[in-house]
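A quick write-up on the structure given underneath.
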Amino acid sequence: QVQLVESGGGLVQAGGSLRLSCAASGRTFSRYTMGWFRQAPGKEREFVATISWSPSNTRYADSVKGRFTISRDNAKNTVDLQMNSLKPEDTAVYYCAADINSSSPWPSAIGQVYDYWGQGTQVTVSS
C-alpha cells in the first residue's frame, strides 16, 4: 500500500507561480514512476507531467511544456511540480500518482497505468 499526500495548492493570479509537493510512503519510492494529473470542472482528467524512477526521465503535456517542471527527491520520498507563468486554464484539482510496477525508464502519460493516487489539491488561477 502506498499513500500519497499532495500539498501546495492555492489561489494565484495569472502569471504567478505555485509549487506542488507530493509526499509518498513506501520503502521503494526510488523505483516508482511518479506523475501529476489534473481535472478541471466538467472535464476529464488529463496528464500534466511524469518522472521515471531512473534515470529520472521526464515527460510533459504540450500545454505545460516550458512552464512546469517536475522533480523528485528520493531521499525525502517526494515529487514536486513547479508551476510558472500560470494561466486561468491551469485551474484544476491536481493529483499525484504512483506507478509502482514500471519497468521502463520512459514514464507513461496514461492514467490507467498508475496504481495509487492522492486526494488532490486545488489550484485556482485568477485572470
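Chain lettering (A, B, ...) mirrors the order of the C-alpha cells, residue numbering begins at 1 for each chain separately, and ligand numbering begins at 1 in order of display.
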| message | Give me, as JSON, numbers by chain, the residues of range 42-106 of chain A that a backbone DSSP run labels strand (DSSP E or B). | response | {"A": [46, 47, 48, 49, 50, 51, 58, 59, 60, 68, 69, 70, 71, 72, 73, 78, 79, 80, 81, 82, 83, 92, 93, 94, 95, 96, 97, 98, 99]}
For the selection just defined, write its residues with N, CA, C and O atoms to a file, as a JSON list (two decimals), in the first residue's frame.
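Output below, filename again28.json:
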[["chain", "number", "residue", "atom", "x", "y", "z"],
["A", 46, "GLU", "N", -6.64, 14.86, -17.03],
["A", 46, "GLU", "CA", -5.63, 14.91, -18.07],
["A", 46, "GLU", "C", -4.23, 14.84, -17.47],
["A", 46, "GLU", "O", -3.98, 15.25, -16.34],
["A", 47, "PHE", "N", -3.35, 14.32, -18.28],
["A", 47, "PHE", "CA", -1.94, 14.20, -17.90],
["A", 47, "PHE", "C", -1.29, 15.58, -17.86],
["A", 47, "PHE", "O", -1.56, 16.43, -18.70],
["A", 48, "VAL", "N", -0.39, 15.77, -16.88],
["A", 48, "VAL", "CA", 0.37, 17.01, -16.77],
["A", 48, "VAL", "C", 1.86, 16.75, -16.94],
["A", 48, "VAL", "O", 2.51, 17.32, -17.83],
["A", 49, "ALA", "N", 2.42, 15.89, -16.09],
["A", 49, "ALA", "CA", 3.86, 15.63, -16.13],
["A", 49, "ALA", "C", 4.15, 14.33, -15.41],
["A", 49, "ALA", "O", 3.38, 13.88, -14.56],
["A", 50, "THR", "N", 5.28, 13.72, -15.76],
["A", 50, "THR", "CA", 5.69, 12.50, -15.10],
["A", 50, "THR", "C", 7.21, 12.38, -15.09],
["A", 50, "THR", "O", 7.90, 12.98, -15.94],
["A", 51, "ILE", "N", 7.71, 11.64, -14.11],
["A", 51, "ILE", "CA", 9.14, 11.44, -13.97],
["A", 51, "ILE", "C", 9.40, 9.99, -13.63],
["A", 51, "ILE", "O", 8.75, 9.42, -12.77],
["A", 58, "THR", "N", 11.79, 12.60, -17.90],
["A", 58, "THR", "CA", 10.56, 13.34, -17.69],
["A", 58, "THR", "C", 9.75, 13.45, -18.98],
["A", 58, "THR", "O", 10.29, 13.31, -20.09],
["A", 59, "ARG", "N", 8.48, 13.70, -18.80],
["A", 59, "ARG", "CA", 7.57, 13.90, -19.92],
["A", 59, "ARG", "C", 6.53, 14.92, -19.49],
["A", 59, "ARG", "O", 6.08, 14.89, -18.34],
["A", 60, "TYR", "N", 6.15, 15.81, -20.43],
["A", 60, "TYR", "CA", 5.19, 16.87, -20.11],
["A", 60, "TYR", "C", 4.09, 16.93, -21.16],
["A", 60, "TYR", "O", 4.31, 16.64, -22.33],
["A", 68, "PHE", "N", 6.05, 24.30, -16.62],
["A", 68, "PHE", "CA", 6.05, 23.43, -15.44],
["A", 68, "PHE", "C", 7.31, 22.58, -15.44],
["A", 68, "PHE", "O", 7.82, 22.18, -16.49],
["A", 69, "THR", "N", 7.79, 22.26, -14.22],
["A", 69, "THR", "CA", 8.94, 21.38, -14.06],
["A", 69, "THR", "C", 8.66, 20.36, -12.97],
["A", 69, "THR", "O", 8.29, 20.74, -11.85],
["A", 70, "ILE", "N", 8.82, 19.10, -13.30],
["A", 70, "ILE", "CA", 8.65, 18.03, -12.31],
["A", 70, "ILE", "C", 10.03, 17.59, -11.82],
["A", 70, "ILE", "O", 10.99, 17.53, -12.60],
["A", 71, "SER", "N", 10.10, 17.31, -10.52],
["A", 71, "SER", "CA", 11.37, 16.85, -9.95],
["A", 71, "SER", "C", 11.07, 15.90, -8.79],
["A", 71, "SER", "O", 9.95, 15.89, -8.28],
["A", 72, "ARG", "N", 12.06, 15.14, -8.39],
["A", 72, "ARG", "CA", 11.86, 14.20, -7.29],
["A", 72, "ARG", "C", 13.06, 14.22, -6.37],
["A", 72, "ARG", "O", 14.20, 14.49, -6.80],
["A", 73, "ASP", "N", 12.80, 13.88, -5.11],
["A", 73, "ASP", "CA", 13.86, 13.74, -4.12],
["A", 73, "ASP", "C", 13.67, 12.37, -3.48],
["A", 73, "ASP", "O", 12.79, 12.20, -2.62],
["A", 78, "THR", "N", 9.64, 12.43, -2.05],
["A", 78, "THR", "CA", 8.75, 13.49, -2.54],
["A", 78, "THR", "C", 8.94, 13.73, -4.03],
["A", 78, "THR", "O", 10.01, 13.48, -4.60],
["A", 79, "VAL", "N", 7.86, 14.19, -4.66],
["A", 79, "VAL", "CA", 7.91, 14.63, -6.04],
["A", 79, "VAL", "C", 7.21, 15.99, -6.09],
["A", 79, "VAL", "O", 6.15, 16.18, -5.51],
["A", 80, "ASP", "N", 7.84, 16.94, -6.73],
["A", 80, "ASP", "CA", 7.34, 18.30, -6.79],
["A", 80, "ASP", "C", 6.95, 18.69, -8.22],
["A", 80, "ASP", "O", 7.48, 18.13, -9.19],
["A", 81, "LEU", "N", 6.07, 19.66, -8.31],
["A", 81, "LEU", "CA", 5.70, 20.24, -9.59],
["A", 81, "LEU", "C", 5.79, 21.75, -9.45],
["A", 81, "LEU", "O", 4.96, 22.36, -8.78],
["A", 82, "GLN", "N", 6.81, 22.32, -10.05],
["A", 82, "GLN", "CA", 6.96, 23.77, -10.06],
["A", 82, "GLN", "C", 6.19, 24.31, -11.25],
["A", 82, "GLN", "O", 6.45, 23.93, -12.39],
["A", 83, "MET", "N", 5.25, 25.21, -10.95],
["A", 83, "MET", "CA", 4.37, 25.74, -11.99],
["A", 83, "MET", "C", 4.59, 27.24, -12.10],
["A", 83, "MET", "O", 4.34, 27.99, -11.15],
["A", 92, "ALA", "N", -7.55, 23.72, -11.76],
["A", 92, "ALA", "CA", -7.97, 22.32, -11.69],
["A", 92, "ALA", "C", -7.60, 21.76, -10.33],
["A", 92, "ALA", "O", -6.86, 22.39, -9.56],
["A", 93, "VAL", "N", -8.09, 20.56, -10.06],
["A", 93, "VAL", "CA", -7.57, 19.78, -8.94],
["A", 93, "VAL", "C", -6.41, 18.96, -9.48],
["A", 93, "VAL", "O", -6.54, 18.27, -10.49],
["A", 94, "TYR", "N", -5.28, 19.07, -8.82],
["A", 94, "TYR", "CA", -4.07, 18.39, -9.25],
["A", 94, "TYR", "C", -3.85, 17.15, -8.38],
["A", 94, "TYR", "O", -3.88, 17.23, -7.15],
["A", 95, "TYR", "N", -3.60, 16.03, -9.06],
["A", 95, "TYR", "CA", -3.42, 14.76, -8.39],
["A", 95, "TYR", "C", -2.02, 14.20, -8.63],
["A", 95, "TYR", "O", -1.51, 14.23, -9.76],
["A", 96, "CYS", "N", -1.45, 13.67, -7.58],
["A", 96, "CYS", "CA", -0.20, 12.95, -7.66],
["A", 96, "CYS", "C", -0.51, 11.47, -7.84],
["A", 96, "CYS", "O", -1.49, 10.97, -7.25],
["A", 97, "ALA", "N", 0.29, 10.77, -8.61],
["A", 97, "ALA", "CA", 0.03, 9.35, -8.85],
["A", 97, "ALA", "C", 1.35, 8.58, -8.90],
["A", 97, "ALA", "O", 2.39, 9.13, -9.29],
["A", 98, "ALA", "N", 1.28, 7.30, -8.53],
["A", 98, "ALA", "CA", 2.47, 6.46, -8.49],
["A", 98, "ALA", "C", 2.25, 5.19, -9.32],
["A", 98, "ALA", "O", 1.24, 4.50, -9.15],
["A", 99, "ASP", "N", 3.20, 4.91, -10.17],
["A", 99, "ASP", "CA", 3.25, 3.66, -10.91],
["A", 99, "ASP", "C", 4.36, 2.83, -10.28],
["A", 99, "ASP", "O", 5.54, 3.11, -10.47]]
| query | To one decimal place, how far is CA of Arg45 in chain A from CA of Ala75 in chain A in Å? | reply | 29.5 Å
| said: If we count only C-alpha atoms and set the cut-off at 9 Å, which residues sit around Leu11 in chain A, ignoring sequence neighbours fewer than 2 positions away in its own chain? Please answer as a ChimeraX atom specification. | reply: /A:9,13,18,122-126
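Among the candidates A:Val5, A:Ala14, A:Asn77, A:Pro107, the residue lying nearest to Ser54 in chain A is A:Pro107 (atoms considered: only C-alpha atoms).
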| Best match for closeness to Tyr116 in chain A among A:Gln1, A:Ser104, A:Ser63, A:Ser52, counting only C-alpha atoms | A:Gln1
| field | Glu6 in chain A environment, 8 Å, only C-alpha atoms, sequence neighbours closer than 2 positions dropped, as a list in words | value |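 Those residues are Leu4, Gly8, Leu20, Ser21, Cys22, Ala23, Tyr95, Cys96, Gly118, Gln119, Gly120 and Thr121 of chain A.
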| request: In Å, rounded to a single decimal, give me how far CA of Val2 in chain A is from CA of Ala40 in chain A. | output: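 The value is 25.0 Å.
Shortest separation to Ser103 in chain A among A:Lys65, A:Lys76, A:Arg19, A:Arg31 occurs at residue A:Arg31, atoms counted being only C-alpha atoms.
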| message | So, with only C-alpha atoms as the atoms that count, which of A:Gly35, A:Trp117, A:Trp106, A:Asp90 lies closest to Ser17 in chain A? | response |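 Between A:Gly35, A:Trp117, A:Trp106, A:Asp90, the residue approaching Ser17 in chain A most closely is A:Asp90.
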| query | How many Å lie between CA of Ser56 in chain A and CA of Tyr32 in chain A, rounded to one decimal? | reply | 10.3 Å
